[in-house]
>>> print(open('upload.txt').read())   # compact mmCIF, C-alpha atoms (C1' of nucleotides)
# COMPACT_ATOMS: atom_id res chain seq x y z
CA MET E 1 199.72 -135.46 224.52
CA ARG E 2 201.28 -132.12 224.99
CA THR E 3 204.59 -133.77 224.31
CA ALA E 4 205.31 -131.46 221.43
CA ARG E 5 206.40 -134.00 218.96
CA ARG E 6 209.36 -132.71 217.05
CA PRO E 7 208.15 -130.15 214.57
CA GLY E 8 208.60 -130.79 210.93
CA ALA E 9 208.77 -134.51 211.37
CA SER E 10 206.60 -135.09 208.37
CA GLY E 11 206.84 -131.69 206.82
CA CYS E 12 203.15 -130.89 207.05
CA GLY E 13 200.57 -130.05 209.65
CA ILE E 14 199.19 -133.53 210.05
CA ASP E 15 201.56 -134.23 212.85
CA ALA E 16 200.51 -131.07 214.63
CA ALA E 17 196.86 -131.84 214.11
CA MET E 18 197.38 -135.37 215.35
CA GLU E 19 198.55 -134.01 218.62
CA VAL E 20 195.36 -132.06 219.07
CA ILE E 21 193.11 -135.02 218.34
CA GLY E 22 195.55 -137.63 219.59
CA GLY E 23 193.69 -138.45 222.76
CA LYS E 24 191.67 -141.61 222.78
CA TRP E 25 188.39 -139.75 223.18
CA LYS E 26 189.23 -136.43 221.58
CA SER E 27 187.55 -137.13 218.30
CA SER E 28 184.49 -138.51 220.03
CA ILE E 29 184.23 -135.43 222.22
CA LEU E 30 184.66 -133.26 219.20
CA TRP E 31 181.96 -135.11 217.41
CA ALA E 32 179.60 -135.00 220.35
CA LEU E 33 180.04 -131.27 220.82
CA ASN E 34 179.62 -130.67 217.14
CA GLU E 35 175.89 -130.91 217.49
CA ARG E 36 175.37 -128.81 220.58
CA ALA E 37 176.90 -127.64 223.82
CA CYS E 38 177.01 -130.27 226.52
CA ARG E 39 177.51 -130.44 230.24
CA PHE E 40 180.18 -132.55 231.81
CA GLY E 41 177.80 -135.29 232.90
CA GLU E 42 176.16 -135.28 229.50
CA LEU E 43 179.43 -135.93 227.76
CA ARG E 44 180.13 -138.68 230.23
CA ARG E 45 176.92 -140.38 229.28
CA MET E 46 177.49 -139.80 225.57
CA LEU E 47 180.89 -141.45 225.76
CA PRO E 48 180.31 -144.80 227.42
CA GLY E 49 183.53 -146.02 228.91
CA VAL E 50 185.31 -142.75 229.47
CA THR E 51 186.28 -141.85 233.01
CA GLU E 52 185.98 -138.48 234.71
CA LYS E 53 189.70 -138.10 234.87
CA VAL E 54 190.28 -138.73 231.21
CA LEU E 55 187.29 -136.71 230.14
CA ALA E 56 188.39 -133.77 232.25
CA SER E 57 191.96 -134.04 231.00
CA HIS E 58 190.93 -134.17 227.38
CA LEU E 59 188.50 -131.33 227.83
CA ARG E 60 191.16 -129.17 229.38
CA GLU E 61 193.65 -129.95 226.68
CA MET E 62 191.10 -129.19 224.03
CA GLU E 63 190.30 -125.95 225.78
CA THR E 64 193.99 -125.08 225.84
CA ASP E 65 194.18 -125.90 222.17
CA GLY E 66 191.38 -123.45 221.59
CA ILE E 67 188.95 -125.87 220.06
CA VAL E 68 186.61 -126.13 223.03
CA HIS E 69 184.99 -123.39 225.07
CA ARG E 70 184.22 -123.83 228.75
CA GLU E 71 181.32 -121.81 230.10
CA VAL E 72 180.93 -121.82 233.88
CA TYR E 73 177.71 -120.90 235.61
CA ASP E 74 178.19 -120.45 239.33
CA GLU E 75 174.71 -121.43 240.23
CA VAL E 76 173.73 -123.40 243.27
CA PRO E 77 173.76 -126.67 241.38
CA PRO E 78 177.15 -126.41 239.74
CA ARG E 79 176.90 -126.19 236.01
CA VAL E 80 179.49 -126.10 233.28
CA GLU E 81 178.86 -126.25 229.60
CA TYR E 82 181.32 -127.20 226.93
CA SER E 83 180.99 -126.14 223.34
CA LEU E 84 183.03 -125.98 220.18
CA THR E 85 184.87 -122.80 219.34
CA PRO E 86 184.91 -121.60 215.74
CA LEU E 87 188.31 -123.21 215.51
CA GLY E 88 186.88 -126.45 216.83
CA VAL E 89 184.24 -126.30 214.15
CA THR E 90 186.84 -125.91 211.45
CA LEU E 91 188.70 -128.85 212.91
CA ASN E 92 185.60 -130.94 212.72
CA GLU E 93 185.22 -129.93 209.12
CA ALA E 94 188.79 -130.87 208.40
CA LEU E 95 188.14 -134.18 210.08
CA ALA E 96 185.08 -134.95 207.99
CA PRO E 97 186.95 -136.42 204.99
CA LEU E 98 188.89 -138.68 207.29
CA GLY E 99 185.68 -139.79 208.92
CA GLU E 100 184.19 -140.56 205.56
CA TRP E 101 187.27 -142.45 204.54
CA GLY E 102 187.09 -144.55 207.66
CA ARG E 103 183.43 -145.24 207.15
CA GLU E 104 183.87 -146.15 203.53
CA HIS E 105 187.00 -148.23 203.67
CA LEU E 106 187.13 -149.48 207.24
CA LEU E 107 183.59 -149.90 208.46
CA GLY E 108 182.94 -151.06 204.95
CA GLY E 109 179.78 -149.17 204.39
CA ARG E 110 178.38 -145.84 203.55
CA ALA E 111 175.10 -145.58 205.38
CA ASP E 112 173.21 -142.46 204.44
CA HIS E 113 175.00 -140.64 207.20
CA HIS E 114 173.59 -137.37 208.42
CA VAL E 115 176.33 -135.01 207.38
CA ASP E 116 177.11 -133.19 210.59
CA ALA E 117 180.61 -132.09 210.01
CA THR E 118 180.56 -131.27 206.37
CA GLY E 119 179.57 -127.68 206.69
CA ASP E 120 175.82 -127.86 206.97
CA ARG E 121 175.46 -126.94 210.60
CA VAL E 122 178.67 -125.18 211.37
CA SER E 123 176.67 -122.37 212.90
CA GLY E 124 177.36 -123.56 216.44
CA MET A 125 196.97 -150.08 217.87
CA ARG A 126 195.09 -153.11 216.80
CA THR A 127 193.08 -152.78 219.95
CA ALA A 128 189.84 -152.42 218.07
CA ARG A 129 188.50 -149.50 219.98
CA ARG A 130 184.84 -150.01 220.65
CA PRO A 131 182.96 -149.50 217.44
CA GLY A 132 180.48 -146.69 217.22
CA ALA A 133 182.08 -144.77 219.98
CA SER A 134 181.66 -141.56 218.11
CA GLY A 135 179.16 -142.68 215.55
CA CYS A 136 181.34 -142.06 212.54
CA GLY A 137 184.45 -143.47 210.90
CA ILE A 138 186.90 -141.06 212.47
CA ASP A 139 187.53 -143.42 215.31
CA ALA A 140 188.23 -146.24 212.89
CA ALA A 141 190.50 -144.06 210.80
CA MET A 142 192.30 -142.87 213.89
CA GLU A 143 193.25 -146.41 214.63
CA VAL A 144 194.90 -146.77 211.24
CA ILE A 145 196.92 -143.61 211.58
CA GLY A 146 197.17 -143.74 215.36
CA GLY A 147 200.79 -144.74 215.50
CA LYS A 148 203.25 -142.05 216.37
CA TRP A 149 204.92 -142.20 212.98
CA LYS A 150 202.10 -143.50 210.83
CA SER A 151 201.21 -140.19 209.31
CA SER A 152 204.84 -139.38 208.68
CA ILE A 153 205.38 -142.70 206.96
CA LEU A 154 202.27 -142.15 204.93
CA TRP A 155 203.45 -138.74 203.95
CA ALA A 156 206.93 -139.95 203.06
CA LEU A 157 205.61 -142.76 200.89
CA ASN A 158 203.19 -140.45 199.21
CA GLU A 159 205.91 -139.15 196.98
CA ARG A 160 207.55 -142.38 196.02
CA ALA A 161 208.35 -145.90 197.10
CA CYS A 162 211.06 -146.19 199.69
CA ARG A 163 213.34 -148.78 201.15
CA PHE A 164 213.43 -149.55 204.81
CA GLY A 165 216.64 -147.70 205.43
CA GLU A 166 215.43 -144.77 203.40
CA LEU A 167 212.39 -144.41 205.57
CA ARG A 168 214.59 -144.64 208.61
CA ARG A 169 216.61 -141.73 207.40
CA MET A 170 213.56 -139.78 206.40
CA LEU A 171 212.10 -140.15 209.87
CA PRO A 172 214.84 -138.99 212.23
CA GLY A 173 214.19 -140.48 215.62
CA VAL A 174 212.23 -143.55 214.68
CA THR A 175 213.62 -146.92 215.69
CA GLU A 176 213.73 -150.06 213.60
CA LYS A 177 211.29 -151.80 215.83
CA VAL A 178 208.68 -149.10 215.67
CA LEU A 179 209.21 -148.51 211.98
CA ALA A 180 208.87 -152.20 211.23
CA SER A 181 205.82 -152.49 213.46
CA HIS A 182 204.09 -149.54 211.90
CA LEU A 183 204.95 -150.72 208.44
CA ARG A 184 203.48 -154.10 209.13
CA GLU A 185 200.34 -152.68 210.62
CA MET A 186 199.94 -150.38 207.69
CA GLU A 187 200.46 -153.32 205.37
CA THR A 188 197.82 -155.26 207.26
CA ASP A 189 195.50 -152.30 206.97
CA GLY A 190 196.05 -152.39 203.25
CA ILE A 191 197.45 -148.92 202.92
CA VAL A 192 201.05 -149.93 202.32
CA HIS A 193 202.48 -152.42 199.86
CA ARG A 194 205.60 -154.37 200.64
CA GLU A 195 207.66 -155.48 197.67
CA VAL A 196 210.44 -157.94 198.43
CA TYR A 197 213.37 -158.51 196.12
CA ASP A 198 215.34 -161.56 197.13
CA GLU A 199 218.58 -160.31 195.73
CA VAL A 200 221.91 -160.91 197.29
CA PRO A 201 221.87 -157.60 199.10
CA PRO A 202 218.41 -157.85 200.66
CA ARG A 203 216.06 -155.23 199.36
CA VAL A 204 212.53 -154.33 200.29
CA GLU A 205 210.51 -151.47 198.98
CA TYR A 206 207.46 -149.95 200.55
CA SER A 207 204.87 -148.03 198.65
CA LEU A 208 201.36 -146.75 199.06
CA THR A 209 198.47 -148.84 197.84
CA PRO A 210 195.56 -147.12 196.09
CA LEU A 211 193.80 -147.23 199.42
CA GLY A 212 196.76 -145.60 201.04
CA VAL A 213 196.61 -142.86 198.46
CA THR A 214 192.97 -142.22 199.25
CA LEU A 215 193.82 -142.10 202.92
CA ASN A 216 196.45 -139.52 202.23
CA GLU A 217 193.91 -137.49 200.33
CA ALA A 218 191.46 -137.75 203.19
CA LEU A 219 194.23 -136.63 205.48
CA ALA A 220 195.07 -133.57 203.42
CA PRO A 221 192.41 -131.27 204.89
CA LEU A 222 193.54 -132.18 208.37
CA GLY A 223 197.08 -131.44 207.40
CA GLU A 224 196.09 -128.07 206.03
CA TRP A 225 194.11 -127.32 209.15
CA GLY A 226 197.10 -128.10 211.30
CA ARG A 227 199.37 -126.00 209.15
CA GLU A 228 196.99 -123.07 209.12
CA HIS A 229 195.84 -123.04 212.70
CA LEU A 230 198.62 -124.77 214.59
CA LEU A 231 201.85 -124.06 212.81
CA GLY A 232 200.35 -120.67 212.27
CA GLY A 233 201.23 -120.25 208.69
CA ARG A 234 200.32 -121.18 205.19
CA ALA A 235 203.64 -121.38 203.42
CA ASP A 236 203.23 -121.97 199.72
CA HIS A 237 203.23 -125.64 200.43
CA HIS A 238 203.87 -128.04 197.61
CA VAL A 239 200.55 -129.83 197.52
CA ASP A 240 201.56 -133.46 197.76
CA ALA A 241 198.51 -134.99 199.24
CA THR A 242 195.82 -133.05 197.54
CA GLY A 243 195.48 -135.24 194.53
CA ASP A 244 198.05 -133.80 192.19
CA ARG A 245 200.51 -136.63 192.23
CA VAL A 246 198.47 -139.54 193.36
CA SER A 247 199.90 -141.55 190.54
CA GLY A 248 201.94 -143.67 192.85
C1' DC Y 249 221.07 -154.21 204.35
C1' DC Y 250 216.47 -155.81 206.14
C1' DG Y 251 214.05 -157.03 209.98
C1' DC Y 252 212.91 -159.41 214.37
C1' DA Y 253 213.19 -160.41 219.59
C1' DT Y 254 213.83 -158.94 224.19
C1' DC Y 255 214.07 -155.87 227.93
C1' DC Y 256 212.81 -151.27 229.89
C1' DC Y 257 210.59 -147.04 230.49
C1' DA Y 258 207.26 -143.25 229.72
C1' DT Y 259 202.81 -142.21 229.14
C1' DA Y 260 197.93 -142.66 228.45
C1' DT Y 261 194.08 -144.63 230.16
C1' DG Y 262 191.12 -146.67 233.71
C1' DA Y 263 189.12 -147.56 238.62
C1' DT Y 264 188.08 -145.67 242.80
C1' DA Y 265 187.55 -142.37 246.38
C1' DC Y 266 187.22 -137.72 247.86
C1' DT Y 267 186.27 -132.49 247.77
C1' DG Y 268 183.76 -128.05 246.48
C1' DC T 269 177.00 -132.02 239.44
C1' DA T 270 181.77 -130.86 238.45
C1' DG T 271 186.30 -131.86 239.13
C1' DT T 272 190.62 -133.55 241.54
C1' DA T 273 193.88 -137.05 243.64
C1' DT T 274 195.86 -141.42 243.90
C1' DC T 275 196.80 -145.97 242.56
C1' DA T 276 196.99 -149.65 239.04
C1' DT T 277 197.33 -151.27 234.38
C1' DA T 278 197.92 -151.51 229.35
C1' DT T 279 200.24 -150.10 225.45
C1' DG T 280 203.41 -147.61 222.80
C1' DG T 281 207.66 -146.66 222.01
C1' DG T 282 212.89 -146.60 222.64
C1' DA T 283 217.58 -149.20 223.29
C1' DT T 284 220.16 -152.97 222.22
C1' DG T 285 221.51 -157.30 220.28
C1' DC T 286 220.73 -161.17 217.07
C1' DG T 287 219.44 -163.66 212.63
C1' DG T 288 218.69 -164.00 207.50
>>> encode(input="upload.txt", output="C-alpha cells")
Amino acid sequence: MRTARRPGASGCGIDAAMEVIGGKWKSSILWALNERACRFGELRRMLPGVTEKVLASHLREMETDGIVHREVYDEVPPRVEYSLTPLGVTLNEALAPLGEWGREHLLGGRADHHVDATGDRVSG
Amino acid sequence: MRTARRPGASGCGIDAAMEVIGGKWKSSILWALNERACRFGELRRMLPGVTEKVLASHLREMETDGIVHREVYDEVPPRVEYSLTPLGVTLNEALAPLGEWGREHLLGGRADHHVDATGDRVSG
DNA sequence: CCGCATCCCATATGATACTG
DNA sequence: CAGTATCATATGGGATGCGG
C-alpha cells in the first residue's frame, strides 16, 4: 500500500479506492468497526489470524486515509479506541454492493444478512 | 490470489469479492472490458505498465472466476478476444459505487464522468 | 500476434520478542 | 494493554526469452 499506483490507470476511482482497502485485513477492520468503536485488543480478537504488526500498520494507514479515527485515553491502563470516521462510513456504504455481490455470486448464497452497511446504522 | 483467504473473516462477501478483484490490474481490466471486447494486445496497450505475464495471469484468473470470457479464433494470425460475462457485468455494477466513492473522496473531484459501470451500457 | 516459462525482486504478511 | 522492532516467508509482480 501507499505505493500510489499510477493515477488514471483505469480512468475511474476504483483504483484509488482499491489502494485504501487493498490491505489484506482492511475490509475486515472496516466491517468490524462499522458496528461500534473497538480497542486494539478487541480488533485483534475479532480478526483471528491478524498480527499486531499488520493490524497496527493497517490501522495507521486507514487513519492516514481518514477513514478511521484513533482516540487515545492516557489512563493508567493504556486505552485506545478506534472508530470509523464519517468518511469511513461512506466507504463502508460504497462497499456494501460489492459485499452483496460476493455473497450472492461467490459464497453462493444470500442468507438473510443483517444489513449493516447499507445505510441503516450509519449513525456511528 | 487464489489463496482462498479464510472464509468468514469479515462475515460478509467483501472478502470473497476482494479476492476476485485483488489483482493489481484486475479492476482496470474489468473497466476496460466493460466498454467492449478486446484483444490481448489491445488490453496491453490500454493498460500501460502491465506485463504479458501479469495480464495473462489476471485474465486467466478472471476467466476461472467466470467474470471474463475468452473467445479464441484459430485463424492464421492468432486472435483471441476477451469480454465480460454477464457475471462480470454485475461485478462491474457492484464496483461502481466504490469507484464513485474513490473519485469523490480520493481523487477529490466529481468530473462529469461518463457513467460506464452504472448500468447504462451493460449490454456487452 | 497470442501466450507461456523462468528467473528476480519488491512488498505484504506473519512470528516472535521487547518497550512504554 | 498498546505498539514497535526485527527476522523470516509467501506471493505478486516485473524482465526477458521461447513456443505456437
>>> residues_around(input="upload.txt", residues="region 189-203 of chain A", least_positions_apart="4", cutoff="12 Å", atoms="all atoms listed in the file", output="count of residues only")
45
>>> interface_residues(input="upload.txt", of="chain T", to="chain A", cutoff="10 Å", atoms="all atoms listed in the file", output="list in words")
DT279, DG280, DG281, DG282, DA283 and DG288 of chain T
>>> residues_around(input="upload.txt", residues="DA263 (chain Y)", least_positions_apart="3", cutoff="10 Å", atoms="only C-alpha atoms (C1' of nucleotides)", output="list in words")
Thr51 of chain E; DC275, DA276 and DT277 of chain T
>>> closest_atom_pairs(input="upload.txt", of="chain Y", to="chain E", cutoff="9 Å", atoms="all atoms listed in the file", output="Markdown table")
| residue | atom | partner | partner_atom | distance |
| --- | --- | --- | --- | --- |
| Y:DT259 | C1' | E:Met1 | CA | 8.7 |
| Y:DA260 | C1' | E:Gly23 | CA | 8.3 |
| Y:DT261 | C1' | E:Val54 | CA | 7.1 |
| Y:DG262 | C1' | E:Thr51 | CA | 6.9 |
| Y:DA263 | C1' | E:Thr51 | CA | 8.5 |
>>> axis_aligned_box(input="upload.txt", around="region 272-284 of chain T", padding_each_side="8 Å", output="lines of an AutoDock Vina configuration file")
center_x = 205.4
center_y = -143.3
center_z = 233.0
size_x = 45.5
size_y = 35.4
size_z = 37.9
>>> interface_residues(input="upload.txt", of="chain E", to="chain A", cutoff="7 Å", atoms="all atoms listed in the file", output="PyMOL selection string")
chain E and resi 9-10+12-17+27-28+31+47+91+94-95+97-103+106-107
>>> atom_distance(input="upload.txt", atom1="C1' of DA273 (chain T)", atom2="C1' of DC256 (chain Y)")
27.4 Å
>>> atom_distance(input="upload.txt", atom1="CA of Tyr206 (chain A)", atom2="C1' of DT284 (chain T)")
25.3 Å
>>> decode(input="upload.txt", residues="chain T", atoms="N, CA and C atoms (P, O5', C5', C4', C3', O3' and C1' of nucleotides)", output="compact mmCIF listing (two decimals), in the first residue's frame")
# COMPACT_ATOMS: atom_id res chain seq x y z
P DC T 269 -5.05 -7.52 28.16
O5' DC T 269 -4.69 -6.02 27.78
C5' DC T 269 -5.51 -5.01 28.36
C4' DC T 269 -5.15 -3.67 27.75
C3' DC T 269 -5.12 -3.72 26.23
O3' DC T 269 -5.67 -2.51 25.71
C1' DC T 269 -2.97 -3.15 27.05
P DA T 270 -5.87 -2.31 24.10
O5' DA T 270 -4.55 -1.54 23.61
C5' DA T 270 -4.22 -0.32 24.25
C4' DA T 270 -2.98 0.30 23.63
C3' DA T 270 -2.90 0.15 22.11
O3' DA T 270 -2.52 1.41 21.56
C1' DA T 270 -0.95 -0.75 23.15
P DG T 271 -2.46 1.60 19.97
O5' DG T 271 -0.94 1.25 19.68
C5' DG T 271 0.04 2.04 20.36
C4' DG T 271 1.41 1.45 20.10
C3' DG T 271 1.69 1.22 18.62
O3' DG T 271 2.72 2.12 18.23
C1' DG T 271 2.51 -0.55 20.00
P DT T 272 3.32 1.91 16.72
O5' DT T 272 4.77 1.32 17.04
C5' DT T 272 5.51 1.86 18.13
C4' DT T 272 6.86 1.15 18.23
C3' DT T 272 7.56 0.97 16.89
O3' DT T 272 8.94 1.30 17.04
C1' DT T 272 7.28 -1.12 17.94
P DA T 273 9.92 1.26 15.80
O5' DA T 273 10.63 -0.15 15.99
C5' DA T 273 11.23 -0.49 17.24
C4' DA T 273 12.15 -1.70 17.05
C3' DA T 273 12.77 -1.79 15.67
O3' DA T 273 14.12 -2.24 15.79
C1' DA T 273 11.42 -3.71 16.06
P DT T 274 15.02 -2.35 14.46
O5' DT T 274 15.00 -3.92 14.24
C5' DT T 274 15.21 -4.77 15.37
C4' DT T 274 15.10 -6.23 14.94
C3' DT T 274 15.64 -6.51 13.54
O3' DT T 274 16.56 -7.58 13.59
C1' DT T 274 13.46 -7.42 13.79
P DC T 275 17.28 -8.08 12.22
O5' DC T 275 16.53 -9.46 11.98
C5' DC T 275 16.37 -10.39 13.08
C4' DC T 275 15.52 -11.57 12.60
C3' DC T 275 15.94 -12.11 11.24
O3' DC T 275 15.99 -13.53 11.27
C1' DC T 275 13.65 -11.50 11.21
P DA T 276 16.25 -14.34 9.91
O5' DA T 276 14.79 -14.76 9.49
C5' DA T 276 13.98 -15.54 10.39
C4' DA T 276 12.76 -16.07 9.65
C3' DA T 276 13.10 -16.66 8.28
O3' DA T 276 12.37 -17.86 8.08
C1' DA T 276 11.56 -14.88 8.02
P DT T 277 12.52 -18.60 6.67
O5' DT T 277 11.12 -18.19 6.03
C5' DT T 277 9.94 -18.25 6.84
C4' DT T 277 8.74 -17.92 6.00
C3' DT T 277 8.76 -18.54 4.61
O3' DT T 277 7.49 -19.14 4.36
C1' DT T 277 8.39 -16.20 4.46
P DA T 278 7.29 -19.92 2.98
O5' DA T 278 6.11 -19.03 2.37
C5' DA T 278 5.07 -18.53 3.22
C4' DA T 278 4.14 -17.68 2.38
C3' DA T 278 3.88 -18.27 0.99
O3' DA T 278 2.51 -18.12 0.67
C1' DA T 278 4.89 -16.11 0.79
P DT T 279 1.99 -18.66 -0.76
O5' DT T 279 1.89 -17.32 -1.58
C5' DT T 279 1.31 -16.18 -0.95
C4' DT T 279 1.40 -14.99 -1.88
C3' DT T 279 1.18 -15.38 -3.35
O3' DT T 279 0.09 -14.62 -3.85
C1' DT T 279 3.11 -14.00 -3.08
P DG T 280 -0.17 -14.50 -5.44
O5' DG T 280 0.34 -13.04 -5.76
C5' DG T 280 0.08 -11.98 -4.81
C4' DG T 280 0.64 -10.70 -5.35
C3' DG T 280 0.29 -10.47 -6.81
O3' DG T 280 0.05 -9.09 -7.02
C1' DG T 280 2.66 -10.69 -6.55
P DG T 281 -0.43 -8.62 -8.39
O5' DG T 281 0.95 -8.16 -9.06
C5' DG T 281 1.74 -7.23 -8.35
C4' DG T 281 3.10 -7.10 -9.01
C3' DG T 281 3.02 -6.91 -10.53
O3' DG T 281 3.80 -5.78 -10.87
C1' DG T 281 4.54 -8.62 -9.98
P DG T 282 3.67 -5.27 -12.39
O5' DG T 282 5.20 -5.37 -12.88
C5' DG T 282 6.21 -4.74 -12.10
C4' DG T 282 7.58 -5.13 -12.62
C3' DG T 282 7.73 -5.00 -14.13
O3' DG T 282 8.99 -4.43 -14.46
C1' DG T 282 8.25 -7.21 -13.46
P DA T 283 9.36 -4.18 -16.02
O5' DA T 283 10.41 -5.36 -16.33
C5' DA T 283 11.56 -5.49 -15.50
C4' DA T 283 12.57 -6.43 -16.17
C3' DA T 283 12.64 -6.28 -17.69
O3' DA T 283 13.98 -6.31 -18.12
C1' DA T 283 12.02 -8.51 -17.11
P DT T 284 14.27 -6.21 -19.72
O5' DT T 284 14.40 -7.74 -20.12
C5' DT T 284 15.13 -8.63 -19.28
C4' DT T 284 15.06 -10.06 -19.85
C3' DT T 284 15.08 -10.11 -21.38
O3' DT T 284 16.11 -10.98 -21.81
C1' DT T 284 13.31 -11.43 -20.54
P DG T 285 16.38 -11.15 -23.40
O5' DG T 285 15.87 -12.64 -23.64
C5' DG T 285 16.18 -13.65 -22.68
C4' DG T 285 15.50 -14.96 -23.07
C3' DG T 285 15.47 -15.20 -24.59
O3' DG T 285 15.71 -16.58 -24.85
C1' DG T 285 13.26 -15.18 -23.74
P DC T 286 15.57 -17.15 -26.36
O5' DC T 286 14.28 -18.08 -26.24
C5' DC T 286 14.17 -18.99 -25.15
C4' DC T 286 12.89 -19.81 -25.29
C3' DC T 286 12.69 -20.37 -26.70
O3' DC T 286 12.26 -21.73 -26.63
C1' DC T 286 10.84 -19.01 -26.06
P DG T 287 11.93 -22.58 -27.94
O5' DG T 287 10.34 -22.52 -27.94
C5' DG T 287 9.60 -23.24 -26.95
C4' DG T 287 8.13 -23.25 -27.32
C3' DG T 287 7.89 -23.74 -28.75
O3' DG T 287 6.75 -24.59 -28.77
C1' DG T 287 6.96 -21.60 -28.47
P DG T 288 6.30 -25.24 -30.16
O5' DG T 288 4.94 -24.47 -30.38
C5' DG T 288 3.87 -24.63 -29.43
C4' DG T 288 2.63 -23.88 -29.91
C3' DG T 288 2.17 -24.29 -31.31
O3' DG T 288 0.76 -24.34 -31.36
C1' DG T 288 2.57 -21.95 -31.23
